[in-house]
Amino acid sequence: MVKMIAALEGEQPIQILVVEDEPDVANLIVKLLKKTFDVEVDLAQDLGHAREKLLSSEFDLVTLDYLLPDGYSTELMRMLPERPSRPAVIVVTGHGDEKVAAAFRGLGVDGFIIKNEALPGRLTEVVGRLLGAMAQA
């Protein structure tokens with residue numbers, strides 16, 4: 001796939017925060033995002049580091065694992081509305097079911113992806129849709 005959305009038409013590069021504690025999955029997501037899209041990617045391996053990064057930097061999009069070593073990412077979702085410009089959020093999890101997906105939808109997530117063999121294609125699809133919407137806004 002051709003790199004998409006070149007820094008939203010000449011503006012600052014798209015900033016993505018990947019919140020994932022499994023190193024192999026984190027590396028897969030980071031590599032996929034950088035290869036497919038014209039973005040800058042930062043990584044947090046737990047809620048504490050994600051919270052610090054969200055408070056100190058602006059992100060356009062966050063991929064968020066549900067179960068992290070120091071808690072559930074629903075805690076992080078609850079802090080996002082306090083920010084002046086909330087990033088788009090995609091939950092990427094291996095622990096989710098319909099009940100978890102419904103809870104996240106209630107918190108305003110923009111996508112919900114299960115960690116399985118379809119992860120690369122599904123992530124590319126959802127991120128592409130969100131970045132396209134950002135470019136048109």
# chains A, B, ... in the order shown; residues from 1 in each chain; ligands from 1

call {"tool": "residues_around", "arguments": {"residues": "stretch 54-64 of chain A", "least_positions_apart": "5", "cutoff": "7 Å", "atoms": "only C-alpha atoms", "output": "VMD selection string"}}
result
chain A and resid 14 to 20 73 87 to 92

call {"tool": "write_last_selection", "arguments": {"atoms": "C-alpha atoms", "output": "short mmCIF file (atom, residue, chain, number, x, y, z; two decimals), in the first residue's frame"}}
result
data_model
loop_
_atom_site.label_atom_id
_atom_site.label_comp_id
_atom_site.auth_asym_id
_atom_site.auth_seq_id
_atom_site.Cartn_x
_atom_site.Cartn_y
_atom_site.Cartn_z
CA ILE A 14 0.56 12.52 12.27
CA GLN A 15 1.46 11.44 15.82
CA ILE A 16 0.39 7.97 16.97
CA LEU A 17 0.81 6.46 20.41
CA VAL A 18 0.83 2.64 20.58
CA VAL A 19 -0.04 1.38 24.07
CA GLU A 20 0.89 -2.32 24.10
CA SER A 73 -7.11 0.76 29.52
CA PRO A 87 -7.12 11.72 19.77
CA ALA A 88 -8.89 9.00 17.83
CA VAL A 89 -8.66 5.71 19.73
CA ILE A 90 -8.49 2.15 18.41
CA VAL A 91 -8.62 -0.68 20.95
CA VAL A 92 -6.41 -3.61 19.90
#

call {"tool": "select_by_dssp", "arguments": {"residues": "stretch 19-137 of chain A", "states": "alpha helix (DSSP H)", "output": "ChimeraX atom specification"}}
result
/A:23-36,47-56,74-79,98-106,119-136

call {"tool": "closest_residue", "arguments": {"among": "A:Gly121, A:Leu107, A:Gly128, A:Phe112", "to": "A:Leu80", "atoms": "only C-alpha atoms"}}
result
A:Leu107

call {"tool": "closest_residue", "arguments": {"among": "A:Met79, A:Ala137, A:Val109, A:Thr124", "to": "A:Val30", "atoms": "only C-alpha atoms"}}
result
A:Thr124

call {"tool": "atom_distance", "arguments": {"atom1": "atom CA of A:Glu117", "atom2": "atom CA of A:Asp42"}}
result
23.5 Å

call {"tool": "select_by_dssp", "arguments": {"residues": "chain A", "states": "strand (DSSP E or B)", "output": "PyMOL selection string"}}
result
chain A and resi 4+14-19+37+39-44+61-64+67-68+71-72+88-93+111-114

call {"tool": "atom_distance", "arguments": {"atom1": "atom CA of A:Glu40", "atom2": "atom CA of A:Gln12"}}
result
9.9 Å

call {"tool": "closest_residue", "arguments": {"among": "A:Leu43, A:Val126, A:Met134, A:Val100", "to": "A:Val25", "atoms": "only C-alpha atoms"}}
result
A:Leu43

call {"tool": "atom_distance", "arguments": {"atom1": "atom CA of A:Glu22", "atom2": "atom CA of A:Arg129"}}
result
25.3 Å

call {"tool": "residues_around", "arguments": {"residues": "A:Gly48", "least_positions_apart": "3", "cutoff": "8 Å", "atoms": "only C-alpha atoms", "output": "MDAnalysis selection string"}}
result
chainID A and resid 51:52 70

call {"tool": "write_last_selection", "arguments": {"atoms": "N, CA and C atoms", "output": "PDB file, in the first residue's frame"}}
result
ATOM      1  N   ARG A  51      -0.081   7.393  30.237  1.00  0.00           N
ATOM      2  CA  ARG A  51      -0.616   8.604  30.870  1.00  0.00           C
ATOM      3  C   ARG A  51       0.391   9.749  30.777  1.00  0.00           C
ATOM      4  N   GLU A  52       1.664   9.449  31.104  1.00  0.00           N
ATOM      5  CA  GLU A  52       2.719  10.469  31.023  1.00  0.00           C
ATOM      6  C   GLU A  52       2.840  11.029  29.609  1.00  0.00           C
ATOM      7  N   ASP A  70      -0.492  -2.790  34.522  1.00  0.00           N
ATOM      8  CA  ASP A  70      -0.911  -1.984  35.664  1.00  0.00           C
ATOM      9  C   ASP A  70      -2.389  -1.602  35.634  1.00  0.00           C
TER      10      ASP A  70
END
